[in-house]
Amino acid sequence: MPTAGESWGRYPRVRQAIVPLHWRDDAIPAVSGSLLAYGNGRSYGDVCLNEGGNLLHTRGLDRLIAFDSATGGLRCEAGMLFSDILAFALPRGWFLPVVPGTRFISVGGAIANDVHGKNHHRAGTFGEHVRCFELLRSDGSRCICSRDENVELFTASVGGLGLTGLVTWAEIALMRVPGARMSTETERFGTLPEFFSLSADSESSHAYSVAWIDCAAAGRNFGRGVFLRANHADGAPPTLRAPRASVPFTPPLSLINPLTLRTLNSLYFHRARAGRRIVPYASYFFPLDAIGDWNRVYGPRGFLQYQCVVPPGQAQEAIAELLRRVAAQRDGSFLAVLKVFDDRAPAGILSFARAGTTLALDFPNRGAATFELLEHLDDIVAAAGGAVYPAKDARMKGARFRRYFPQWERMLAHVDPRFSSSFWRRVMET
Ligand SMILES: Cc1cc2nc3c(=O)[nH]c(=O)nc-3n(C[C@H](O)[C@H](O)[C@H](O)COP(=O)(O)OP(=O)(O)OC[C@H]3O[C@@H](n4cnc5c(N)ncnc54)[C@H](O)[C@@H]3O)c2cc1C
């Protein structure tokens with residue numbers, strides 16, 4: 001588990017006061033300085049950090065409030081984790097409508113980043129499935145936000161990066177599933193055009209699809225990867241165990257370097273077994289959760305994730321250019337993920353997911369060289385008319401943010417005057 005007040009990339013490190021919350025009806029504790037809610041610190045950068053201010057730690061708000069087994073409506077406190085919702089709902093035949101690549105996130109965090117999953121082409125983002133929530137503002141007022149009531153505050157808070165106040169509880173619509181297993185199909189592809197055609201072919205047949213791409217590959221291997229698509233299948237829920245292994249300490253240097261990276265990528269590509277399999281849901285959705293504290297492998301300086309989306313017309317060319325740039329620097333990542341997003345109306349004012357192709361890459365923090373590379377990637381994304389995901393970001397400049405999210409000015413009217421974050425100050429002030 002991340003240390004309270006840390007983000008998943010372990011960069012940047014900041015000083016802030018941790019203020020634990022216990023009851024959803026309590027007032028905001030009387031502290032001086034700015035405020036920011038903290039879910040479970042699974043954002044990679046500084047969107048969940050508040051240097052010099054207070055973090056309202058919501059893990060104590062983890063109670064289930066109500067569940068309607070006829071409609072799948074679930075009301076819970078905002079600090080409840082997806083892992084706990086799944087443990088409750090799956091044996092009853094229900095599943096979360098959208099899950100990201102880890103189940104250790106809170107409902108409040110899922111709303112504030114309007115997270116997406118491998119089923120964006122079918123279900124959109126998490127915010128589309130939120131029926132209502134209570135928002136506690138710093139002046140002590142509480143309001144219920146939904147698509148009928150306080151609509152502007154609802155759309156500002158979904159994907160609102162925690163800036164509109166504290167979500168105390170939320171009601172979400174779960175979806176029925178036949179069981180706790182997944183019917184999966186794995187296929188290798190040799191080029192980017194092959195990825196795009198597999199993705200298009202899977203849209204109507206598979207609820208979930210995603211690809212891993214070998215971003216260390218060059219020459220005739222350039223653009224190769226492994227495509228994974230799936231549908232829910234029947235079968236009993238497995239007993240959820242604690243992570244099978246964990247990284248016990250932070251090594252003095254990143255274990256991910258150009259040599260280990262090329263070897264790992266090549267091994268993964270060649271060992272991927274094509275074909276159909278029935279697997280437990282957790283191994284399809286959350287493979288990384290099996291290794292506790294895997295973020296430590298990047299060493300004491302931490303790492304940066306770069307996730308962008310580029311529009312459909314530019315996608316093939318821009319993704320190829322991004323991958324070429326990364327391969328040329330020989331600093332790519334093992335965890336490189338590609339997914340095509342559907343063209344849907346965004347659930348929130350600042351929602352990230354939009355029509356196009358999204359690419360996510362991890363980079364060990366090597367200081368100036370890494371930041372320079374990410375700046376070059378930004379040039380490519382901006383030129384293509386794309387955007388970078390705030391949930392994963394720790395360094396984008398304000399001018400870029402405002403270009404990626406031109407609707408930022410509409411957001412300003414809804415930002416609570418006492419709520420702020422390290423991310424928000426960076427992108428508003430630079
Ligand atoms: C291995 C891994 C895989 C991931 N895969 C994906 C993916 O596939 N898709 C995706 O979209 N994301 C993905 N993520 C990112 C993650 O889903 C988001 O960053 C998520 O928001 C983290 O939730 P959290 O509860 O840890 O919130 P935190 O990281 O603690 O906070 C995130 C934001 O939510 C706000 N917040 C938290 N609680 C509240 C509250 N009660 N009221 C108001 N604001 C609140 C915070 O202020 C902050 O702005 C992944 C992360 C990891 C580590």
# chains A, B, ... in the order shown; residues from 1 in each chain; ligands from 1

$ residues_around --residues "Gly33 in chain A" --least-positions-apart "3" --cutoff "10 Å" --atoms "only C-alpha atoms" --output "list in words"
Ala17, Ala30, Gly52, Gly53, Asn54, Arg418, Phe419 and Ser420 of chain A

$ residues_around --residues "Ser83 in chain A" --least-positions-apart "5" --cutoff "8 Å" --atoms "only C-alpha atoms" --output "ChimeraX atom specification"
/A:103-105

$ write_last_selection --atoms "all heavy atoms" --output "mmCIF file, in the first residue's frame"
data_model
loop_
_atom_site.group_PDB
_atom_site.id
_atom_site.type_symbol
_atom_site.label_atom_id
_atom_site.label_comp_id
_atom_site.auth_asym_id
_atom_site.auth_seq_id
_atom_site.Cartn_x
_atom_site.Cartn_y
_atom_site.Cartn_z
ATOM 1 N N ARG A 103 -7.591 -2.630 -8.580
ATOM 2 C CA ARG A 103 -8.858 -2.580 -7.837
ATOM 3 C C ARG A 103 -8.697 -1.831 -6.519
ATOM 4 O O ARG A 103 -9.632 -1.710 -5.751
ATOM 5 C CB ARG A 103 -9.393 -3.989 -7.590
ATOM 6 C CG ARG A 103 -8.475 -4.902 -6.803
ATOM 7 C CD ARG A 103 -9.112 -6.288 -6.701
ATOM 8 N NE ARG A 103 -8.344 -7.215 -5.915
ATOM 9 C CZ ARG A 103 -7.422 -8.039 -6.375
ATOM 10 N NH1 ARG A 103 -7.122 -8.032 -7.648
ATOM 11 N NH2 ARG A 103 -6.793 -8.877 -5.575
ATOM 12 N N PHE A 104 -7.470 -1.327 -6.278
ATOM 13 C CA PHE A 104 -7.223 -0.649 -4.998
ATOM 14 C C PHE A 104 -7.426 0.860 -5.120
ATOM 15 O O PHE A 104 -6.555 1.650 -4.741
ATOM 16 C CB PHE A 104 -5.824 -0.998 -4.478
ATOM 17 C CG PHE A 104 -5.675 -2.481 -4.247
ATOM 18 C CD1 PHE A 104 -4.661 -3.194 -4.866
ATOM 19 C CD2 PHE A 104 -6.562 -3.156 -3.424
ATOM 20 C CE1 PHE A 104 -4.533 -4.566 -4.669
ATOM 21 C CE2 PHE A 104 -6.446 -4.522 -3.221
ATOM 22 C CZ PHE A 104 -5.431 -5.231 -3.850
ATOM 23 N N ILE A 105 -8.543 1.255 -5.701
ATOM 24 C CA ILE A 105 -8.865 2.686 -5.757
ATOM 25 C C ILE A 105 -10.182 2.910 -5.031
ATOM 26 O O ILE A 105 -10.994 2.002 -4.894
ATOM 27 C CB ILE A 105 -8.946 3.234 -7.198
ATOM 28 C CG1 ILE A 105 -10.193 2.698 -7.936
ATOM 29 C CG2 ILE A 105 -7.716 2.900 -8.004
ATOM 30 C CD1 ILE A 105 -10.541 3.527 -9.157
#

$ residues_near_ligand --ligand "ligand 1" --cutoff "6 Å" --atoms "only C-alpha atoms and all ligand atoms" --output "PyMOL selection string"
chain A and resi 8+36-43+47-48+78+100-102+105-106+108-110+112-113+115-117+161-162+165-168+288+391

$ residues_around --residues "range 384-386 of chain A" --least-positions-apart "3" --cutoff "9 Å" --atoms "only C-alpha atoms" --output "ChimeraX atom specification"
/A:308-311,313-315,318,356,379-381,403-404

$ select_by_dssp --residues "range 113-191 of chain A" --states "alpha helix (DSSP H)" --output "mmCIF file with all heavy atoms, in the first residue's frame"
data_model
loop_
_atom_site.group_PDB
_atom_site.id
_atom_site.type_symbol
_atom_site.label_atom_id
_atom_site.label_comp_id
_atom_site.auth_asym_id
_atom_site.auth_seq_id
_atom_site.Cartn_x
_atom_site.Cartn_y
_atom_site.Cartn_z
ATOM 1 N N HIS A 120 -14.147 0.949 -22.440
ATOM 2 C CA HIS A 120 -14.602 2.299 -22.771
ATOM 3 C C HIS A 120 -15.494 2.296 -24.018
ATOM 4 O O HIS A 120 -16.464 3.052 -24.103
ATOM 5 C CB HIS A 120 -13.415 3.257 -22.975
ATOM 6 C CG HIS A 120 -13.865 4.666 -23.193
ATOM 7 N ND1 HIS A 120 -14.139 5.177 -24.452
ATOM 8 C CD2 HIS A 120 -14.150 5.671 -22.322
ATOM 9 C CE1 HIS A 120 -14.562 6.432 -24.336
ATOM 10 N NE2 HIS A 120 -14.573 6.762 -23.055
ATOM 11 N N HIS A 121 -15.191 1.431 -24.980
ATOM 12 C CA HIS A 121 -15.994 1.404 -26.218
ATOM 13 C C HIS A 121 -17.430 0.938 -25.967
ATOM 14 O O HIS A 121 -18.298 1.144 -26.792
ATOM 15 C CB HIS A 121 -15.309 0.525 -27.273
ATOM 16 C CG HIS A 121 -15.118 -0.911 -26.856
ATOM 17 N ND1 HIS A 121 -14.190 -1.297 -25.929
ATOM 18 C CD2 HIS A 121 -15.757 -2.043 -27.233
ATOM 19 C CE1 HIS A 121 -14.243 -2.612 -25.771
ATOM 20 N NE2 HIS A 121 -15.198 -3.083 -26.537
ATOM 21 N N ARG A 122 -17.680 0.298 -24.830
ATOM 22 C CA ARG A 122 -19.047 -0.152 -24.526
ATOM 23 C C ARG A 122 -19.691 0.699 -23.430
ATOM 24 O O ARG A 122 -20.851 1.055 -23.507
ATOM 25 C CB ARG A 122 -19.018 -1.589 -23.976
ATOM 26 C CG ARG A 122 -18.792 -2.656 -24.980
ATOM 27 C CD ARG A 122 -20.114 -3.086 -25.635
ATOM 28 N NE ARG A 122 -19.858 -4.031 -26.704
ATOM 29 C CZ ARG A 122 -19.856 -5.346 -26.530
ATOM 30 N NH1 ARG A 122 -20.125 -5.869 -25.343
ATOM 31 N NH2 ARG A 122 -19.606 -6.152 -27.544
ATOM 32 N N ALA A 123 -18.901 1.011 -22.381
ATOM 33 C CA ALA A 123 -19.497 1.579 -21.160
ATOM 34 C C ALA A 123 -19.055 3.000 -20.868
ATOM 35 O O ALA A 123 -19.573 3.623 -19.934
ATOM 36 C CB ALA A 123 -19.149 0.676 -19.968
ATOM 37 N N VAL A 151 -26.730 20.183 -11.285
ATOM 38 C CA VAL A 151 -26.129 19.502 -12.439
ATOM 39 C C VAL A 151 -24.719 20.019 -12.752
ATOM 40 O O VAL A 151 -23.805 19.233 -13.032
ATOM 41 C CB VAL A 151 -27.039 19.680 -13.683
ATOM 42 C CG1 VAL A 151 -26.515 18.890 -14.864
ATOM 43 C CG2 VAL A 151 -28.456 19.254 -13.350
ATOM 44 N N GLU A 152 -24.531 21.341 -12.669
ATOM 45 C CA GLU A 152 -23.210 21.891 -13.011
ATOM 46 C C GLU A 152 -22.149 21.403 -12.033
ATOM 47 O O GLU A 152 -21.032 21.069 -12.420
ATOM 48 C CB GLU A 152 -23.252 23.428 -13.019
ATOM 49 C CG GLU A 152 -23.551 24.024 -14.390
ATOM 50 C CD GLU A 152 -22.351 23.975 -15.343
ATOM 51 O OE1 GLU A 152 -21.287 24.545 -15.016
ATOM 52 O OE2 GLU A 152 -22.460 23.366 -16.423
ATOM 53 N N LEU A 153 -22.524 21.352 -10.727
ATOM 54 C CA LEU A 153 -21.553 20.844 -9.742
ATOM 55 C C LEU A 153 -21.285 19.357 -9.956
ATOM 56 O O LEU A 153 -20.181 18.874 -9.709
ATOM 57 C CB LEU A 153 -22.086 21.052 -8.322
ATOM 58 C CG LEU A 153 -21.523 22.220 -7.533
ATOM 59 C CD1 LEU A 153 -22.043 22.206 -6.108
ATOM 60 C CD2 LEU A 153 -19.976 22.216 -7.518
ATOM 61 N N PHE A 154 -22.309 18.646 -10.421
ATOM 62 C CA PHE A 154 -22.124 17.220 -10.727
ATOM 63 C C PHE A 154 -21.091 17.076 -11.836
ATOM 64 O O PHE A 154 -20.103 16.352 -11.686
ATOM 65 C CB PHE A 154 -23.466 16.602 -11.149
ATOM 66 C CG PHE A 154 -23.387 15.137 -11.488
ATOM 67 C CD1 PHE A 154 -23.499 14.173 -10.498
ATOM 68 C CD2 PHE A 154 -23.190 14.703 -12.799
ATOM 69 C CE1 PHE A 154 -23.415 12.809 -10.802
ATOM 70 C CE2 PHE A 154 -23.099 13.351 -13.118
ATOM 71 C CZ PHE A 154 -23.224 12.400 -12.106
ATOM 72 N N THR A 155 -21.280 17.798 -12.946
ATOM 73 C CA THR A 155 -20.348 17.626 -14.077
ATOM 74 C C THR A 155 -18.969 18.241 -13.790
ATOM 75 O O THR A 155 -17.985 17.834 -14.381
ATOM 76 C CB THR A 155 -20.909 18.207 -15.399
ATOM 77 O OG1 THR A 155 -21.393 19.502 -15.140
ATOM 78 C CG2 THR A 155 -22.012 17.377 -15.965
ATOM 79 N N ALA A 156 -18.929 19.204 -12.851
ATOM 80 C CA ALA A 156 -17.614 19.748 -12.493
ATOM 81 C C ALA A 156 -16.870 18.775 -11.573
ATOM 82 O O ALA A 156 -15.636 18.704 -11.600
ATOM 83 C CB ALA A 156 -17.778 21.099 -11.797
ATOM 84 N N SER A 157 -17.591 18.011 -10.769
ATOM 85 C CA SER A 157 -16.939 17.108 -9.809
ATOM 86 C C SER A 157 -16.523 15.796 -10.450
ATOM 87 O O SER A 157 -15.533 15.176 -10.050
ATOM 88 C CB SER A 157 -17.874 16.821 -8.627
ATOM 89 O OG SER A 157 -18.276 18.030 -8.029
#

$ residues_around --residues "Tyr208 in chain A" --least-positions-apart "4" --cutoff "7 Å" --atoms "only C-alpha atoms" --output "VMD selection string"
chain A and resid 118 to 119 229 to 231

$ write_last_selection --atoms "all heavy atoms" --output "PDB file, in the first residue's frame"
ATOM      1  N   LYS A 118     -11.051  -1.078 -19.707  1.00  0.00           N
ATOM      2  CA  LYS A 118     -10.856  -1.746 -21.001  1.00  0.00           C
ATOM      3  C   LYS A 118     -12.160  -1.825 -21.781  1.00  0.00           C
ATOM      4  O   LYS A 118     -12.181  -2.344 -22.889  1.00  0.00           O
ATOM      5  CB  LYS A 118     -10.308  -3.158 -20.752  1.00  0.00           C
ATOM      6  CG  LYS A 118      -8.975  -3.183 -20.004  1.00  0.00           C
ATOM      7  CD  LYS A 118      -8.578  -4.617 -19.656  1.00  0.00           C
ATOM      8  CE  LYS A 118      -7.216  -4.698 -18.978  1.00  0.00           C
ATOM      9  NZ  LYS A 118      -7.197  -4.129 -17.632  1.00  0.00           N
ATOM     10  N   ASN A 119     -13.276  -1.345 -21.175  1.00  0.00           N
ATOM     11  CA  ASN A 119     -14.568  -1.393 -21.875  1.00  0.00           C
ATOM     12  C   ASN A 119     -15.059   0.010 -22.237  1.00  0.00           C
ATOM     13  O   ASN A 119     -16.264   0.231 -22.333  1.00  0.00           O
ATOM     14  CB  ASN A 119     -15.621  -2.115 -21.029  1.00  0.00           C
ATOM     15  CG  ASN A 119     -15.850  -1.434 -19.677  1.00  0.00           C
ATOM     16  OD1 ASN A 119     -15.063  -0.583 -19.261  1.00  0.00           O
ATOM     17  ND2 ASN A 119     -16.919  -1.809 -18.993  1.00  0.00           N
ATOM     18  N   ARG A 229      -8.575  -9.566 -25.507  1.00  0.00           N
ATOM     19  CA  ARG A 229      -9.983  -9.158 -25.456  1.00  0.00           C
ATOM     20  C   ARG A 229     -10.760 -10.171 -24.626  1.00  0.00           C
ATOM     21  O   ARG A 229     -10.344 -11.329 -24.470  1.00  0.00           O
ATOM     22  CB  ARG A 229     -10.550  -9.000 -26.853  1.00  0.00           C
ATOM     23  CG  ARG A 229     -10.354 -10.188 -27.742  1.00  0.00           C
ATOM     24  CD  ARG A 229     -10.734  -9.833 -29.165  1.00  0.00           C
ATOM     25  NE  ARG A 229     -10.399 -10.936 -30.061  1.00  0.00           N
ATOM     26  CZ  ARG A 229     -10.454 -10.876 -31.362  1.00  0.00           C
ATOM     27  NH1 ARG A 229     -10.816  -9.772 -31.965  1.00  0.00           N
ATOM     28  NH2 ARG A 229     -10.143 -11.924 -32.108  1.00  0.00           N
ATOM     29  N   ALA A 230     -11.897  -9.727 -24.106  1.00  0.00           N
ATOM     30  CA  ALA A 230     -12.588 -10.614 -23.164  1.00  0.00           C
ATOM     31  C   ALA A 230     -14.051 -10.259 -23.015  1.00  0.00           C
ATOM     32  O   ALA A 230     -14.478  -9.139 -23.319  1.00  0.00           O
ATOM     33  CB  ALA A 230     -11.907 -10.526 -21.799  1.00  0.00           C
ATOM     34  N   ASN A 231     -14.810 -11.256 -22.527  1.00  0.00           N
ATOM     35  CA  ASN A 231     -16.200 -11.060 -22.102  1.00  0.00           C
ATOM     36  C   ASN A 231     -16.354 -11.722 -20.740  1.00  0.00           C
ATOM     37  O   ASN A 231     -15.576 -12.619 -20.389  1.00  0.00           O
ATOM     38  CB  ASN A 231     -17.154 -11.746 -23.087  1.00  0.00           C
ATOM     39  CG  ASN A 231     -17.307 -10.945 -24.367  1.00  0.00           C
ATOM     40  OD1 ASN A 231     -17.529  -9.729 -24.323  1.00  0.00           O
ATOM     41  ND2 ASN A 231     -17.169 -11.607 -25.505  1.00  0.00           N
TER      42      ASN A 231
END

$ residues_around --residues "Leu261 in chain A" --least-positions-apart "3" --cutoff "10 Å" --atoms "only C-alpha atoms" --output "NGL selection string"
:A and (214-216 or 255-258 or 264-267 or 330-335)

$ write_last_selection --atoms "C-alpha atoms" --output "short mmCIF file (atom, residue, chain, number, x, y, z; two decimals), in the first residue's frame"
data_model
loop_
_atom_site.label_atom_id
_atom_site.label_comp_id
_atom_site.auth_asym_id
_atom_site.auth_seq_id
_atom_site.Cartn_x
_atom_site.Cartn_y
_atom_site.Cartn_z
CA ASP A 214 6.62 -3.54 -27.11
CA CYS A 215 7.92 0.01 -26.98
CA ALA A 216 11.56 -1.12 -26.99
CA LEU A 255 15.70 -2.21 -11.78
CA ILE A 256 14.24 -1.03 -15.10
CA ASN A 257 17.06 -0.04 -17.44
CA PRO A 258 17.56 -0.34 -21.23
CA LEU A 264 11.54 -8.24 -20.44
CA ASN A 265 9.66 -6.95 -23.48
CA SER A 266 11.00 -9.60 -25.77
CA LEU A 267 10.24 -12.35 -23.23
CA ARG A 330 16.12 3.52 -25.32
CA ASP A 331 14.25 4.52 -22.20
CA GLY A 332 10.86 2.99 -22.88
CA SER A 333 8.70 1.16 -20.45
CA PHE A 334 7.70 -2.41 -19.90
CA LEU A 335 4.15 -1.42 -19.02
#

$ residues_around --residues "Leu21 in chain A" --least-positions-apart "3" --cutoff "10 Å" --atoms "only C-alpha atoms" --output "list in words"
Ile18, Arg24, Asp26, Ala27, Ile28, Pro29, Ala37, Leu55, Leu56, His57, Thr58, Arg59, Gly60, Leu61, Gly79 and Thr168 of chain A

$ residues_around --residues "range 374-376 of chain A" --least-positions-apart "2" --cutoff "10 Å" --atoms "only C-alpha atoms" --output "PyMOL selection string"
chain A and resi 304-306+322+325-326+363+368-372+378-382+395-397+400

$ write_last_selection --atoms "C-alpha atoms" --output "PDB file, in the first residue's frame"
ATOM      1  CA  LEU A 304       6.577   8.918 -14.151  1.00  0.00           C
ATOM      2  CA  GLN A 305       3.704   7.587 -16.141  1.00  0.00           C
ATOM      3  CA  TYR A 306       2.795   9.251 -19.407  1.00  0.00           C
ATOM      4  CA  LEU A 322       5.540   8.598 -29.982  1.00  0.00           C
ATOM      5  CA  ARG A 325      10.726   8.755 -30.035  1.00  0.00           C
ATOM      6  CA  VAL A 326      10.643   6.482 -26.990  1.00  0.00           C
ATOM      7  CA  PHE A 363       9.486   5.844 -17.253  1.00  0.00           C
ATOM      8  CA  ALA A 368      16.390  16.001 -16.762  1.00  0.00           C
ATOM      9  CA  ALA A 369      16.629  13.368 -19.536  1.00  0.00           C
ATOM     10  CA  THR A 370      13.242  11.917 -18.625  1.00  0.00           C
ATOM     11  CA  PHE A 371      11.571  15.318 -18.353  1.00  0.00           C
ATOM     12  CA  GLU A 372      13.027  16.339 -21.722  1.00  0.00           C
ATOM     13  CA  ASP A 378       3.942  16.501 -25.384  1.00  0.00           C
ATOM     14  CA  ASP A 379       4.970  18.250 -28.626  1.00  0.00           C
ATOM     15  CA  ILE A 380       3.696  15.255 -30.612  1.00  0.00           C
ATOM     16  CA  VAL A 381       0.456  14.960 -28.621  1.00  0.00           C
ATOM     17  CA  ALA A 382      -0.291  18.685 -28.784  1.00  0.00           C
ATOM     18  CA  ARG A 395       5.096  17.543 -14.832  1.00  0.00           C
ATOM     19  CA  MET A 396       3.030  18.911 -17.698  1.00  0.00           C
ATOM     20  CA  LYS A 397       3.203  22.678 -18.074  1.00  0.00           C
ATOM     21  CA  ARG A 400      -0.158  22.437 -22.288  1.00  0.00           C
TER      22      ARG A 400
END

$ atom_distance --atom1 "CA of Glu128 in chain A" --atom2 "CA of Ala347 in chain A"
5.7 Å

$ closest_residue --among "A:Thr71, A:Asn50, A:Ser205, A:Ser283" --to "Phe423 in chain A" --atoms "only C-alpha atoms"
A:Asn50

$ atom_distance --atom1 "CA of Gly159 in chain A" --atom2 "CA of Ala70 in chain A"
28.7 Å

$ select_by_dssp --residues "range 71-126 of chain A" --states "strand (DSSP E)" --output "list in words"
Gly73, Leu74, Arg75, Cys76, Glu77, Trp94 and Phe95 of chain A

$ atom_distance --atom1 "CA of Ser199 in chain A" --atom2 "CA of Val340 in chain A"
7.1 Å

$ closest_residue --among "A:Ser7, A:Ser202, A:Thr430, A:Gln307" --to "Asp293 in chain A" --atoms "only C-alpha atoms"
A:Ser7

$ closest_residue --among "A:Val107, A:Asn295, A:Tyr11, A:Asn150" --to "Pro248 in chain A" --atoms "only C-alpha atoms"
A:Asn295
